[in-house]
Amino acid sequence: MNKTLKIIGSLLTLLVLLPIIIVVTLQITNLSEDEERISNIYQNQLQSILFSLNQYSEDFVSSWKNQIKIMNINFDGEIENNEQQLNKLLSENNALIGIFLTGDADSDNHQYYTINNSIDKNIIVENIKSEISLNTLKIEKLKRFDKSGYDKIEPLGELSDPKFSLLLTILNEKVICIMVVDAKQFIIDNLSQKIQQATQENFVIAAGKNESRTTIYSTDKFDFENENLSLALWLFPDYNISIQLKGQTIKGLAKNRLFDNFFILIILSLVLIFGLWFVFRLIKKEVRLAQIKSDFVSNVSHELRTPLALITMYAETLEMGRVNSDEKRKEYYSIISNETNRLSKIVNSILSFSKIEAGKRKYNFEFIDLNVIVNNSILTFETQLMNEGFKYNFDSFSKLPEIKVDKEAVAEAVINLIDNAIKYSNEKKEIQVRTGTDKNFVFVEVIDNGVGISAEDQTKIFDKFFRVTTGDVHDIKGTGLGLSLVKHIMDAHKGDIQIQSKIGKGSTFRLNFRV
């Protein structure tokens, strides 16, 4: 049995541990792939956020262009008076420093509008004209776009002093417009609110200068060493928008995911191990029960065969007339009677157990004196006790109150205890039976000086079919049903069984009945 259990336990352990080892190995080997996968997911999300910010910037500047465009500015002849409307546009947008309008890249016919008088207009105009001369191809390209109906704004360059950005666009086929923009102010005034909305409480976004990596605006403290993605603004290529995960990096996310997976794996492993232990325990119990049943069949067969053999032998001897003396015949009849009683007890035990297992055992409760039941039970063994040289004593409590019990069932319980006391006694053949009261209970005790029961086996002796498998007890035959029946009878009477026993010192069994 032990070998079978070891094989089953090994297989179950392998079934649980093998998947765990495979999963752990895959998790460790795929760490870099997981990190890359997570990185790609977040990079795509971050790029979409940065794209939306760039698109918003372009749309905002396009709104300036549209306001200028509806003024119908041209340089064919008389220039319409648009100064008031342009000044209003400039006053409403702090980032828009000035508006330069010209009819052609090579033309001196131009006009510059600004409301910022602290900056020398001539310096700005000369710088703009210089940038125009250097970007004639870009201007021609934008004109072709405009003819095709494609509205586009492109960065023209940056003024060195002061640091303003130039944005080029075509108003119509005759007018080129260059907007002078303070990129820092544009980010603070016009882009910051959109940046704040885009963070979604999961990211930190910062806008700053590319070269110096100085921050112009940030939604929170930004760590440039751990930035996840940085892209230049389309209209202001010297400025970039940087973004990172709030409080962690992509690498940290991958590690956290690995940790979470391991945590879940540990929990699942513990559940599986518990399940393994539970299944193994059930299997062990079933294997043990199968072994016990096998032993039970063997023991019962022996228990039945021995008295049957004796009855057959003595009956045949008497039948054949081989016994001449009356004394010998009386002895043979006595043996046949005792063995018949022994067979009857075995059969009754099996039948009682069968009824209990089927849930058909019925009890007829009535008030009776426990001393009467115990005394009648002892009388059943009187001849056997005398023949086997036992000293026995019944110490009855005279003022015992009557209790409501099934007298047949209680008698069966007491008989089982006395029978065990006889079977498991060694050289010191003394048995004491006594009754008494203890608080709200009436009890009967059966005390022997036999082989005793170990503390470990005391927790198992009331299990069906259980037989002690060590020491001298192993050599004593029995069905393993007696104490199981006693336990069931006491449960039916809402009582309990107490046991005190030491190896080599004997045992005391007490049945407690509620008054």
# chains A, B, ... in the order shown; residues from 1 in each chain; ligands from 1

$ residues_around --residues "range 415-422 of chain A" --least-positions-apart "3" --cutoff "9 Å" --atoms "only C-alpha atoms" --output "ChimeraX atom specification"
/A:374,377-378,380-381,385,390,410-412,425-426,429-431,433,446-450,482-483,485-486,506-507,509

$ write_last_selection --atoms "N, CA and C atoms" --output "compact mmCIF listing (two decimals), in the first residue's frame"
# COMPACT_ATOMS: atom_id res chain seq x y z
N VAL A 374 -26.13 -3.35 32.37
CA VAL A 374 -24.72 -3.74 32.54
C VAL A 374 -24.63 -5.11 33.19
N SER A 377 -25.39 -7.80 30.78
CA SER A 377 -24.29 -7.95 29.81
C SER A 377 -23.14 -8.75 30.40
N ILE A 378 -22.84 -8.53 31.69
CA ILE A 378 -21.74 -9.26 32.35
C ILE A 378 -22.11 -10.74 32.45
N THR A 380 -23.67 -12.50 30.44
CA THR A 380 -23.44 -13.13 29.15
C THR A 380 -22.04 -13.73 29.07
N PHE A 381 -21.07 -13.06 29.75
CA PHE A 381 -19.68 -13.50 29.69
C PHE A 381 -19.25 -14.31 30.92
N LEU A 385 -15.62 -15.95 31.32
CA LEU A 385 -14.68 -15.34 32.25
C LEU A 385 -14.14 -16.37 33.24
N PHE A 390 -10.47 -15.39 34.51
CA PHE A 390 -10.52 -13.94 34.76
C PHE A 390 -11.08 -13.64 36.14
N VAL A 410 -27.59 -0.27 24.00
CA VAL A 410 -26.64 -0.03 25.08
C VAL A 410 -26.00 -1.34 25.51
N ALA A 411 -26.80 -2.40 25.58
CA ALA A 411 -26.26 -3.72 25.93
C ALA A 411 -25.22 -4.15 24.90
N GLU A 412 -25.49 -3.89 23.62
CA GLU A 412 -24.54 -4.23 22.56
C GLU A 412 -23.24 -3.46 22.74
N SER A 425 -6.61 -8.62 27.07
CA SER A 425 -5.92 -8.78 28.36
C SER A 425 -4.75 -9.73 28.18
N ASN A 426 -3.67 -9.48 28.94
CA ASN A 426 -2.52 -10.40 28.86
C ASN A 426 -2.46 -11.27 30.12
N LYS A 429 -5.19 -11.06 34.24
CA LYS A 429 -6.58 -11.18 33.76
C LYS A 429 -7.55 -10.65 34.80
N GLU A 430 -7.65 -9.32 34.82
CA GLU A 430 -8.57 -8.66 35.75
C GLU A 430 -9.40 -7.64 34.98
N ILE A 431 -10.69 -7.69 35.18
CA ILE A 431 -11.60 -6.73 34.53
C ILE A 431 -12.53 -6.14 35.58
N VAL A 433 -15.86 -3.50 36.04
CA VAL A 433 -16.95 -2.73 35.42
C VAL A 433 -17.62 -1.93 36.52
N VAL A 446 -15.53 0.32 31.68
CA VAL A 446 -14.96 -1.02 31.58
C VAL A 446 -13.44 -0.85 31.64
N ILE A 447 -12.83 -1.43 32.67
CA ILE A 447 -11.40 -1.24 32.93
C ILE A 447 -10.69 -2.59 32.83
N ASP A 448 -9.59 -2.61 32.06
CA ASP A 448 -8.80 -3.85 31.96
C ASP A 448 -7.34 -3.53 32.24
N ASN A 449 -6.54 -4.56 32.39
CA ASN A 449 -5.09 -4.43 32.60
C ASN A 449 -4.33 -5.07 31.44
N GLY A 450 -4.87 -4.84 30.25
CA GLY A 450 -4.32 -5.50 29.06
C GLY A 450 -3.18 -4.77 28.38
N GLY A 482 -16.40 -3.42 16.20
CA GLY A 482 -16.95 -3.26 17.55
C GLY A 482 -17.01 -1.84 18.05
N LEU A 483 -15.85 -1.15 18.08
CA LEU A 483 -15.82 0.22 18.61
C LEU A 483 -16.52 1.20 17.68
N LEU A 485 -19.26 0.50 16.07
CA LEU A 485 -20.66 0.34 16.46
C LEU A 485 -20.95 1.06 17.78
N VAL A 486 -20.03 0.94 18.74
CA VAL A 486 -20.20 1.61 20.04
C VAL A 486 -20.30 3.12 19.82
N GLY A 506 -2.96 -1.15 30.25
CA GLY A 506 -4.39 -1.39 30.16
C GLY A 506 -5.17 -0.17 29.66
N SER A 507 -6.49 -0.34 29.61
CA SER A 507 -7.36 0.71 29.06
C SER A 507 -8.61 0.86 29.91
N PHE A 509 -12.47 2.44 29.22
CA PHE A 509 -13.47 3.02 28.31
C PHE A 509 -14.67 3.46 29.15

$ select_by_dssp --residues "range 393-434 of chain A" --states "strand (DSSP E or B)" --output "PyMOL selection string"
chain A and resi 393-395+403-405+430-434

$ write_last_selection --atoms "C-alpha atoms" --output "PDB file, in the first residue's frame"
ATOM      1  CA  ASN A 393     -15.877  -7.126  39.552  1.00  0.00           C
ATOM      2  CA  PHE A 394     -19.035  -5.086  38.945  1.00  0.00           C
ATOM      3  CA  ASP A 395     -19.101  -1.948  41.097  1.00  0.00           C
ATOM      4  CA  ILE A 403     -32.020   7.188  31.709  1.00  0.00           C
ATOM      5  CA  LYS A 404     -33.889   7.123  28.413  1.00  0.00           C
ATOM      6  CA  VAL A 405     -32.018   4.694  26.164  1.00  0.00           C
ATOM      7  CA  GLU A 430      -8.571  -8.664  35.752  1.00  0.00           C
ATOM      8  CA  ILE A 431     -11.603  -6.730  34.525  1.00  0.00           C
ATOM      9  CA  GLN A 432     -13.570  -4.143  36.452  1.00  0.00           C
ATOM     10  CA  VAL A 433     -16.947  -2.726  35.417  1.00  0.00           C
ATOM     11  CA  ARG A 434     -18.488   0.161  37.318  1.00  0.00           C
TER      12      ARG A 434
END

$ residues_around --residues "Ile216 in chain A" --least-positions-apart "5" --cutoff "10 Å" --atoms "only C-alpha atoms" --output "JSON, numbers by chain"
{"A": [183, 184, 185, 187, 188, 192, 206, 207, 208, 209, 239]}

$ decode --residues "range 425-469 of chain A" --atoms "N, CA and C atoms" --output "short mmCIF file (atom, residue, chain, number, x, y, z; two decimals), in the first residue's frame"
data_model
loop_
_atom_site.label_atom_id
_atom_site.label_comp_id
_atom_site.auth_asym_id
_atom_site.auth_seq_id
_atom_site.Cartn_x
_atom_site.Cartn_y
_atom_site.Cartn_z
N SER A 425 -6.61 -8.62 27.07
CA SER A 425 -5.92 -8.78 28.36
C SER A 425 -4.75 -9.73 28.18
N ASN A 426 -3.67 -9.48 28.94
CA ASN A 426 -2.52 -10.40 28.86
C ASN A 426 -2.46 -11.27 30.12
N GLU A 427 -1.28 -11.37 30.76
CA GLU A 427 -1.18 -12.27 31.91
C GLU A 427 -2.07 -11.85 33.08
N LYS A 428 -2.21 -10.54 33.27
CA LYS A 428 -3.01 -10.05 34.40
C LYS A 428 -4.47 -9.98 33.99
N LYS A 429 -5.19 -11.06 34.24
CA LYS A 429 -6.58 -11.18 33.76
C LYS A 429 -7.55 -10.65 34.80
N GLU A 430 -7.65 -9.32 34.82
CA GLU A 430 -8.57 -8.66 35.75
C GLU A 430 -9.40 -7.64 34.98
N ILE A 431 -10.69 -7.69 35.18
CA ILE A 431 -11.60 -6.73 34.53
C ILE A 431 -12.53 -6.14 35.58
N GLN A 432 -12.67 -4.82 35.52
CA GLN A 432 -13.57 -4.14 36.45
C GLN A 432 -14.60 -3.35 35.65
N VAL A 433 -15.86 -3.50 36.04
CA VAL A 433 -16.95 -2.73 35.42
C VAL A 433 -17.62 -1.93 36.52
N ARG A 434 -17.82 -0.64 36.29
CA ARG A 434 -18.49 0.16 37.32
C ARG A 434 -19.38 1.20 36.68
N THR A 435 -20.41 1.59 37.43
CA THR A 435 -21.33 2.64 36.98
C THR A 435 -21.27 3.79 37.97
N GLY A 436 -21.76 4.97 37.53
CA GLY A 436 -21.74 6.13 38.41
C GLY A 436 -22.33 7.35 37.72
N THR A 437 -22.27 8.48 38.44
CA THR A 437 -22.76 9.75 37.88
C THR A 437 -21.62 10.75 37.88
N ASP A 438 -21.67 11.65 36.92
CA ASP A 438 -20.67 12.72 36.81
C ASP A 438 -21.37 13.93 36.21
N LYS A 439 -21.69 14.92 37.10
CA LYS A 439 -22.41 16.13 36.68
C LYS A 439 -23.76 15.73 36.07
N ASN A 440 -23.97 16.00 34.79
CA ASN A 440 -25.25 15.71 34.14
C ASN A 440 -25.23 14.40 33.37
N PHE A 441 -24.26 13.53 33.70
CA PHE A 441 -24.13 12.28 32.96
C PHE A 441 -24.21 11.08 33.91
N VAL A 442 -24.70 9.99 33.36
CA VAL A 442 -24.62 8.67 33.99
C VAL A 442 -23.63 7.87 33.14
N PHE A 443 -22.71 7.17 33.76
CA PHE A 443 -21.68 6.50 32.97
C PHE A 443 -21.52 5.05 33.37
N VAL A 444 -20.91 4.30 32.46
CA VAL A 444 -20.46 2.94 32.73
C VAL A 444 -19.02 2.85 32.23
N GLU A 445 -18.15 2.29 33.06
CA GLU A 445 -16.74 2.15 32.72
C GLU A 445 -16.36 0.67 32.66
N VAL A 446 -15.53 0.32 31.68
CA VAL A 446 -14.96 -1.02 31.58
C VAL A 446 -13.44 -0.85 31.64
N ILE A 447 -12.83 -1.43 32.67
CA ILE A 447 -11.40 -1.24 32.93
C ILE A 447 -10.69 -2.59 32.83
N ASP A 448 -9.59 -2.61 32.06
CA ASP A 448 -8.80 -3.85 31.96
C ASP A 448 -7.34 -3.53 32.24
N ASN A 449 -6.54 -4.56 32.39
CA ASN A 449 -5.09 -4.43 32.60
C ASN A 449 -4.33 -5.07 31.44
N GLY A 450 -4.87 -4.84 30.25
CA GLY A 450 -4.32 -5.50 29.06
C GLY A 450 -3.18 -4.77 28.38
N VAL A 451 -3.11 -4.96 27.06
CA VAL A 451 -1.96 -4.48 26.28
C VAL A 451 -1.95 -2.96 26.12
N GLY A 452 -3.09 -2.30 26.22
CA GLY A 452 -3.15 -0.84 26.07
C GLY A 452 -3.16 -0.39 24.60
N ILE A 453 -3.44 0.89 24.41
CA ILE A 453 -3.55 1.47 23.06
C ILE A 453 -2.67 2.72 23.01
N SER A 454 -1.89 2.87 21.95
CA SER A 454 -1.02 4.05 21.81
C SER A 454 -1.85 5.31 21.59
N ALA A 455 -1.25 6.46 21.92
CA ALA A 455 -1.95 7.74 21.75
C ALA A 455 -2.32 7.98 20.30
N GLU A 456 -1.47 7.56 19.38
CA GLU A 456 -1.74 7.75 17.94
C GLU A 456 -2.96 6.94 17.51
N ASP A 457 -3.04 5.68 17.98
CA ASP A 457 -4.14 4.81 17.57
C ASP A 457 -5.46 5.15 18.28
N GLN A 458 -5.38 5.86 19.41
CA GLN A 458 -6.60 6.20 20.14
C GLN A 458 -7.52 7.10 19.32
N THR A 459 -6.94 7.86 18.37
CA THR A 459 -7.76 8.75 17.51
C THR A 459 -8.40 7.99 16.35
N LYS A 460 -8.00 6.71 16.16
CA LYS A 460 -8.46 5.96 14.98
C LYS A 460 -9.34 4.76 15.32
N ILE A 461 -9.31 4.34 16.62
CA ILE A 461 -9.96 3.07 16.96
C ILE A 461 -11.46 3.05 16.73
N PHE A 462 -12.08 4.25 16.60
CA PHE A 462 -13.53 4.29 16.38
C PHE A 462 -13.89 4.34 14.89
N ASP A 463 -12.85 4.32 14.02
CA ASP A 463 -13.09 4.26 12.57
C ASP A 463 -13.49 2.84 12.19
N LYS A 464 -14.40 2.75 11.23
CA LYS A 464 -14.85 1.42 10.81
C LYS A 464 -13.69 0.64 10.18
N PHE A 465 -13.64 -0.63 10.50
CA PHE A 465 -12.64 -1.59 10.01
C PHE A 465 -11.25 -1.39 10.60
N PHE A 466 -11.05 -0.35 11.43
CA PHE A 466 -9.69 -0.10 11.90
C PHE A 466 -9.22 -1.20 12.83
N ARG A 467 -7.96 -1.62 12.58
CA ARG A 467 -7.32 -2.61 13.44
C ARG A 467 -5.90 -2.14 13.71
N VAL A 468 -5.47 -2.20 14.96
CA VAL A 468 -4.10 -1.83 15.30
C VAL A 468 -3.17 -2.81 14.61
N THR A 469 -2.14 -2.29 13.94
CA THR A 469 -1.28 -3.13 13.11
C THR A 469 0.09 -3.37 13.72
#
